[in-house]
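Reading through the structure tokens given below for one structure.
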Amino acid sequence: MTEDALPERVAELVPGGLWERVQPLLPKRPPRRHRYPGRLPRDDRVALAGIVHVLMTGCTWGQVPTEQFGCSGVTCWRRLRDWTEAGVWPRLHQVLLEELRAAGKLDLETAVVDGSHVRALKRGAHTGPSPVDRSRTGSKHHLLTDANGVPLVVALTGGNRHDVTQLLPLVDTFPVVRGIRGRPRLRPRYLFADRGYDYGFYRRALRARSIVPRIARRGIAHGSGLGRTRWVVERSFAWLHQFKRLRIRYEVRADLHLGLLQLACALICYRKLPPS
């Protein structure tokens with residue numbers, strides 16, 4: 001579909017710059033049958049716009065305005081399922097991180113980690129009774145950012161999992177971001193976290209990985225000064241939860257909710273790119 005033939009809302013939700021980065025990552029469709037080929041598939045860019053619409057507004061898949069997009073919500077959900085299983089969103093996130101580093105917008109020497117609870121209205125994998133929501137079913141978003149709050153790694157667990165249990169998995173999946181000459185950084189030099197991560201075992205594990213822990217101490221009054229660096233991860237959660245579909249988990253399938261999380265991280269990175 002040409003740029004001029006696109007509905008206005010589609011071009012607004014999926015601008016040309018974003019689509020140029022997504023299109024090469026999408027899996028190839030199988031060739032159509034010569035006999036009884038069936039209906040033509042809907043345009044991928046239109047389907048992606050429907051997915052972004054649900055992510056931003058929080059509406060159900062059945063509420064996607066077909067007349068506005070030219071694509072039903074069921075089709076958008078199927079593309080989300082197929083593209084999530086194909087690993088499109090992590091690769092898109094990686095591409096955008098490399099562009100940000102090439103533009104000098106990443107500070108990978110310092111990383112910041114935190115977790116955030118969301119309510120899960122339906123049961124499924126990675127849900128559990130939340131200790132901060134009167135044991136209602138919930139999930140947790142775990143996020144690792146750079147010093148500027150750019151999302152680097154995101155994970156999903158049950159609401160009853162402690163934040164610190166995801167510290168090492170997040171650090172060990174620290175992205176290898178190229179984009180400039182020289183060897184890419186394999187791990188951050190400093191890691192900032194709140195006092196919920198203050199455990200001797202994890203401090204030693206970070207030092208064994210050549211990472212200097214900057215973690216607030218439990219039992220000590222506030223005012224350590226670490227918040228001057230650590231606040232960026234709270235802002236990143238605010239950016240994530242501006243996507244209304246992420247404020248409450250509606251998806252039964254954990255991989256689809258995680259896919260929406262990864263897509264939201266990629267969109268945040270895209271918005272931080274300098275204008276071309």
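Scheme for the structure tokens: letters A, B, ... for chains in order shown; per-chain residue numbers from 1; ligand numbers from 1 in order shown.
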
Residue neighbourhood His141 in chain A, 6 Å, only C-alpha atoms, exclusion window fewer than 3 positions, as an mmCIF file with N, CA and C atoms, in the first residue's frame:
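Produced file around-v9.cif, reproduced below:
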```cif
data_model
loop_
_atom_site.group_PDB
_atom_site.id
_atom_site.type_symbol
_atom_site.label_atom_id
_atom_site.label_comp_id
_atom_site.auth_asym_id
_atom_site.auth_seq_id
_atom_site.Cartn_x
_atom_site.Cartn_y
_atom_site.Cartn_z
ATOM 1 N N GLY A 115 11.248 -2.610 39.542
ATOM 2 C CA GLY A 115 10.083 -3.397 39.164
ATOM 3 C C GLY A 115 8.810 -2.641 39.472
ATOM 4 N N SER A 116 7.733 -3.000 38.763
ATOM 5 C CA SER A 116 6.446 -2.333 38.937
ATOM 6 C C SER A 116 5.343 -3.371 38.848
ATOM 7 N N ALA A 155 11.312 -7.618 31.543
ATOM 8 C CA ALA A 155 10.928 -8.990 31.870
ATOM 9 C C ALA A 155 9.567 -8.976 32.542
ATOM 10 N N LEU A 156 8.915 -10.136 32.541
ATOM 11 C CA LEU A 156 7.576 -10.295 33.121
ATOM 12 C C LEU A 156 7.576 -11.478 34.064
#
```

Sel. of alpha helix (DSSP H) residues, range 73-152 of chain A, as a list in words: Gly73, Val74, Thr75, Cys76, Trp77, Arg78, Arg79, Leu80, Arg81, Asp82, Trp83, Thr84, Glu85, Val88, Trp89, Pro90, Arg91, Leu92, His93, Gln94, Val95, Leu96, Leu97, Glu98, Glu99, Leu100, Arg101 and Ala102 of chain A

Which residues of range 10-70 of chain A have any atom within 9 Å of an atom in range 91-95 of chain A when counting only C-alpha atoms, and what is the closest pair of atoms for each, with the distance in Å to one decimal? Order the rows by chain and rising number and write it as a Markdown table.
```
| residue | atom | partner | partner_atom | distance |
| --- | --- | --- | --- | --- |
| A:Arg21 | CA | A:Leu92 | CA | 7.2 |
| A:Val22 | CA | A:Leu92 | CA | 6.5 |
| A:Leu25 | CA | A:Leu92 | CA | 7.3 |
```

Range 42-105 of chain A near range 5-9 of chain A within 8 Å: what's each residue's closest atom pair and its distance in Å to one decimal, counting only C-alpha atoms, ordered by chain then ascending residue number, as a tab-separated table?
```
residue	atom	partner	partner_atom	distance
A:Ala49	CA	A:Arg9	CA	8.0
A:Gln68	CA	A:Pro7	CA	7.2
A:Phe69	CA	A:Pro7	CA	6.6
```

Spatial neighbours of Thr145 in chain A, max dist 6 Å, only C-alpha atoms, sep filter under 2 positions, as a PyMOL selection string: chain A and resi 111-112+149-152

Range 97-106 of chain A environment, 12 Å, only C-alpha atoms, sequence neighbours closer than 5 positions dropped, as a PyMOL selection string: chain A and resi 21+90-92+111+145-153+174-182+184-185+188+265-276

Kindly save the residues from that selection, with N, CA and C atoms included, as a compact mmCIF listing (two decimals), in the first residue's frame.
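That gives us result.txt:
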```txt
# COMPACT_ATOMS: atom_id res chain seq x y z
N ARG A 21 11.89 0.48 9.53
CA ARG A 21 12.69 -0.37 10.42
C ARG A 21 11.97 -1.68 10.75
N PRO A 90 11.87 -7.95 19.99
CA PRO A 90 13.24 -7.78 20.51
C PRO A 90 14.23 -7.34 19.44
N ARG A 91 14.07 -7.81 18.21
CA ARG A 91 14.98 -7.40 17.14
C ARG A 91 14.77 -5.93 16.77
N LEU A 92 13.52 -5.50 16.76
CA LEU A 92 13.25 -4.09 16.51
C LEU A 92 13.86 -3.22 17.61
N ALA A 111 23.62 1.58 34.63
CA ALA A 111 22.31 0.96 34.44
C ALA A 111 21.49 1.13 35.71
N THR A 145 17.30 0.01 32.62
CA THR A 145 17.48 1.16 31.72
C THR A 145 18.93 1.62 31.77
N ASP A 146 19.26 2.50 30.82
CA ASP A 146 20.57 3.14 30.87
C ASP A 146 20.48 4.36 31.79
N ALA A 147 21.54 5.16 31.83
CA ALA A 147 21.57 6.31 32.74
C ALA A 147 20.56 7.38 32.36
N ASN A 148 20.06 7.36 31.12
CA ASN A 148 19.08 8.35 30.68
C ASN A 148 17.65 7.83 30.74
N GLY A 149 17.47 6.59 31.20
CA GLY A 149 16.12 6.03 31.28
C GLY A 149 15.66 5.33 30.03
N VAL A 150 16.54 5.12 29.06
CA VAL A 150 16.16 4.38 27.85
C VAL A 150 16.02 2.91 28.19
N PRO A 151 14.88 2.28 27.91
CA PRO A 151 14.69 0.87 28.25
C PRO A 151 15.68 -0.02 27.51
N LEU A 152 16.36 -0.88 28.25
CA LEU A 152 17.31 -1.82 27.65
C LEU A 152 16.78 -3.24 27.66
N VAL A 153 16.26 -3.69 28.80
CA VAL A 153 15.74 -5.05 28.94
C VAL A 153 14.48 -4.98 29.78
N PHE A 174 21.89 -8.16 29.38
CA PHE A 174 22.27 -6.81 28.98
C PHE A 174 22.58 -6.81 27.49
N PRO A 175 21.94 -5.96 26.69
CA PRO A 175 22.11 -6.04 25.25
C PRO A 175 23.50 -5.62 24.79
N VAL A 176 24.01 -6.33 23.81
CA VAL A 176 25.27 -5.96 23.17
C VAL A 176 24.92 -4.97 22.05
N VAL A 177 25.12 -3.70 22.33
CA VAL A 177 24.66 -2.63 21.43
C VAL A 177 25.86 -2.11 20.64
N ARG A 178 25.82 -2.32 19.34
CA ARG A 178 26.84 -1.76 18.47
C ARG A 178 26.35 -0.40 17.98
N GLY A 179 26.96 0.11 16.95
CA GLY A 179 26.55 1.40 16.42
C GLY A 179 27.69 2.40 16.33
N ILE A 180 28.76 2.14 17.07
CA ILE A 180 29.95 2.98 16.99
C ILE A 180 31.16 2.06 16.87
N ARG A 181 32.28 2.63 16.49
CA ARG A 181 33.50 1.83 16.34
C ARG A 181 34.00 1.36 17.69
N GLY A 182 34.63 0.20 17.68
CA GLY A 182 35.17 -0.35 18.92
C GLY A 182 34.33 -1.49 19.43
N PRO A 184 31.78 -3.46 21.64
CA PRO A 184 30.58 -3.04 22.38
C PRO A 184 30.70 -3.41 23.85
N ARG A 185 30.03 -2.64 24.68
CA ARG A 185 30.05 -2.90 26.12
C ARG A 185 29.20 -4.13 26.41
N PRO A 188 27.16 -3.15 32.21
CA PRO A 188 27.36 -1.78 32.74
C PRO A 188 28.49 -1.77 33.76
N CYS A 265 8.66 -0.59 24.55
CA CYS A 265 10.05 -0.16 24.73
C CYS A 265 10.64 0.31 23.41
N ALA A 266 10.32 -0.42 22.32
CA ALA A 266 10.83 -0.02 21.01
C ALA A 266 10.26 1.34 20.58
N LEU A 267 8.98 1.57 20.87
CA LEU A 267 8.37 2.86 20.50
C LEU A 267 8.99 4.00 21.30
N ILE A 268 9.31 3.76 22.57
CA ILE A 268 9.98 4.78 23.37
C ILE A 268 11.35 5.10 22.77
N CYS A 269 12.08 4.07 22.36
CA CYS A 269 13.38 4.29 21.74
C CYS A 269 13.24 5.06 20.42
N TYR A 270 12.21 4.73 19.64
CA TYR A 270 12.01 5.41 18.36
C TYR A 270 11.76 6.90 18.58
N ARG A 271 10.98 7.23 19.61
CA ARG A 271 10.67 8.62 19.88
C ARG A 271 11.91 9.40 20.32
N LYS A 272 12.92 8.72 20.82
CA LYS A 272 14.13 9.40 21.28
C LYS A 272 15.15 9.61 20.16
N LEU A 273 14.90 9.02 18.99
CA LEU A 273 15.83 9.22 17.89
C LEU A 273 15.82 10.67 17.44
N PRO A 274 16.96 11.22 17.08
CA PRO A 274 16.96 12.60 16.56
C PRO A 274 16.25 12.64 15.23
N PRO A 275 15.58 13.75 14.94
CA PRO A 275 14.86 13.84 13.66
C PRO A 275 15.82 13.76 12.49
N SER A 276 15.43 12.98 11.48
CA SER A 276 16.27 12.80 10.31
C SER A 276 15.96 13.86 9.28
```

Residues near Val212 in chain A, cut-off 12 Å, only C-alpha atoms, skip fewer than 4 positions along chain, as a list in words: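 Residues meeting the cut-off are Glu109, Thr110, Ala111, Val112, Arg187, Pro188, Arg189, Tyr190, Leu191, Phe192, Ala193, Tyr202, Arg203, Arg204, Ala205, Leu206, Arg207 and Ala208 of chain A.
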
Kindly save the residues from that selection, with C-alpha atoms included, as an mmCIF file, in the first residue's frame.
```
data_model
loop_
_atom_site.group_PDB
_atom_site.id
_atom_site.type_symbol
_atom_site.label_atom_id
_atom_site.label_comp_id
_atom_site.auth_asym_id
_atom_site.auth_seq_id
_atom_site.Cartn_x
_atom_site.Cartn_y
_atom_site.Cartn_z
ATOM 1 C CA GLU A 109 28.207 2.759 31.627
ATOM 2 C CA THR A 110 25.421 3.147 34.192
ATOM 3 C CA ALA A 111 22.308 0.964 34.436
ATOM 4 C CA VAL A 112 19.267 1.346 36.676
ATOM 5 C CA ARG A 187 27.867 -5.086 30.905
ATOM 6 C CA PRO A 188 27.363 -1.784 32.744
ATOM 7 C CA ARG A 189 30.061 -0.459 35.019
ATOM 8 C CA TYR A 190 27.629 0.736 37.717
ATOM 9 C CA LEU A 191 24.193 -0.554 38.639
ATOM 10 C CA PHE A 192 21.761 1.561 40.695
ATOM 11 C CA ALA A 193 18.812 0.081 42.574
ATOM 12 C CA TYR A 202 23.458 -10.165 44.890
ATOM 13 C CA ARG A 203 26.063 -7.541 45.702
ATOM 14 C CA ARG A 204 28.762 -10.214 45.505
ATOM 15 C CA ALA A 205 27.254 -11.603 42.295
ATOM 16 C CA LEU A 206 27.392 -8.159 40.696
ATOM 17 C CA ARG A 207 31.005 -7.624 41.747
ATOM 18 C CA ALA A 208 31.873 -11.050 40.301
#
```

Selected residue of minimal separation from His142 in chain A among A:Leu13, A:Cys76, A:Leu48, A:Leu261, counting only C-alpha atoms: A:Leu261

Strand (DSSP E or B) call set, DSSP backbone run, range 24-239 of chain A, as a PyMOL selection string: chain A and resi 110-120+128-129+137-146+151-158+190-193+212-215

Contacts of Gly128 in chain A at 10 Å (only C-alpha atoms; same-chain gap of 6+ positions) as a PyMOL selection string: chain A and resi 119-120+135-140+157-161

Write a file of the selected residues as a PDB file, in the first residue's frame, keeping C-alpha atoms.
```pdb
ATOM      1  CA  ARG A 119      -3.090  -6.075  38.128  1.00  0.00           C
ATOM      2  CA  ALA A 120      -3.939  -9.113  35.976  1.00  0.00           C
ATOM      3  CA  SER A 135      -3.376 -10.816  47.242  1.00  0.00           C
ATOM      4  CA  ARG A 136      -5.227 -10.031  44.032  1.00  0.00           C
ATOM      5  CA  THR A 137      -3.865 -11.664  40.919  1.00  0.00           C
ATOM      6  CA  GLY A 138      -1.168  -9.570  39.340  1.00  0.00           C
ATOM      7  CA  SER A 139       2.053  -9.509  37.354  1.00  0.00           C
ATOM      8  CA  LYS A 140       5.289  -7.562  37.607  1.00  0.00           C
ATOM      9  CA  THR A 157       6.929 -12.357  36.255  1.00  0.00           C
ATOM     10  CA  GLY A 158       4.107 -13.145  38.640  1.00  0.00           C
ATOM     11  CA  GLY A 159       2.979 -10.513  41.102  1.00  0.00           C
ATOM     12  CA  ASN A 160       4.301 -12.565  44.033  1.00  0.00           C
ATOM     13  CA  ARG A 161       7.901 -12.646  42.765  1.00  0.00           C
TER      14      ARG A 161
END
```

Counting only C-alpha atoms, the option among A:Ala11, A:Ala254, A:Leu55, A:Cys71 closest to Leu40 in chain A: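 Closest to Leu40 in chain A, using only C-alpha atoms: A:Cys71.
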
Residue nearest Pro213 in chain A among A:Arg29, A:Gly225, A:Tyr197, A:Arg79 (counting only C-alpha atoms):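 That would be A:Tyr197, the residue with the smallest distance to Pro213 in chain A.
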
Distance in Å - CA of Arg183 in chain A versus CA of Leu108 in chain A: 12.8 Å

So that I can see what lies close to Gly227 in chain A, please list as a compact mmCIF listing (two decimals) with N, CA and C atoms, in the first residue's frame the residues with an atom at most 12 Å from it, counting only C-alpha atoms and leaving out residues fewer than 5 positions away in the same chain.
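Once everything was written out, this is selection_5.txt:
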```txt
# COMPACT_ATOMS: atom_id res chain seq x y z
N VAL A 112 20.18 1.19 35.55
CA VAL A 112 19.27 1.35 36.68
C VAL A 112 18.18 0.28 36.54
N PHE A 192 22.49 0.88 39.63
CA PHE A 192 21.76 1.56 40.69
C PHE A 192 20.44 0.85 40.93
N ALA A 193 20.07 0.73 42.21
CA ALA A 193 18.81 0.08 42.57
C ALA A 193 18.38 0.57 43.94
N ASP A 194 17.09 0.37 44.28
CA ASP A 194 16.60 0.78 45.59
C ASP A 194 16.90 -0.29 46.62
N ARG A 195 16.47 -0.04 47.85
CA ARG A 195 16.85 -0.92 48.96
C ARG A 195 16.19 -2.30 48.89
N ARG A 214 25.47 0.03 43.22
CA ARG A 214 25.10 1.28 43.89
C ARG A 214 23.66 1.09 44.38
N ILE A 215 23.52 0.36 45.49
CA ILE A 215 22.22 -0.05 46.00
C ILE A 215 22.01 0.58 47.36
N ALA A 216 20.85 1.17 47.56
CA ALA A 216 20.52 1.79 48.84
C ALA A 216 20.52 0.74 49.94
N HIS A 222 16.49 7.65 54.54
CA HIS A 222 16.59 8.13 53.16
C HIS A 222 17.50 9.36 53.11
N VAL A 232 15.43 7.90 37.05
CA VAL A 232 15.11 7.77 35.62
C VAL A 232 14.30 6.51 35.35
N VAL A 233 14.50 5.46 36.14
CA VAL A 233 13.74 4.24 35.89
C VAL A 233 12.27 4.43 36.25
N GLU A 234 11.99 5.27 37.26
CA GLU A 234 10.60 5.57 37.59
C GLU A 234 9.94 6.35 36.44
```

Given only C-alpha atoms as the counted atoms, nearest of A:Thr66, A:Thr127, A:Met56, A:Leu96 to Arg249 in chain A: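 So, comparing all the options, the nearest one is A:Thr127.
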
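The space separating CA of Gly259 in chain A from CA of Gly73 in chain A comes to 16.7 Å.
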
Straight-line distance linking CA of Ser72 in chain A with CA of Leu240 in chain A, stated in Å to one decimal: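 If I compute the distance from CA of Ser72 in chain A to CA of Leu240 in chain A, I get 25.3 Å.
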
Closest of A:Thr57, A:Ala264, A:Pro27, A:Asp163 to Arg245 in chain A - atom-to-atom distances counting only C-alpha atoms: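 Smallest distance to Arg245 in chain A is found for A:Thr57.
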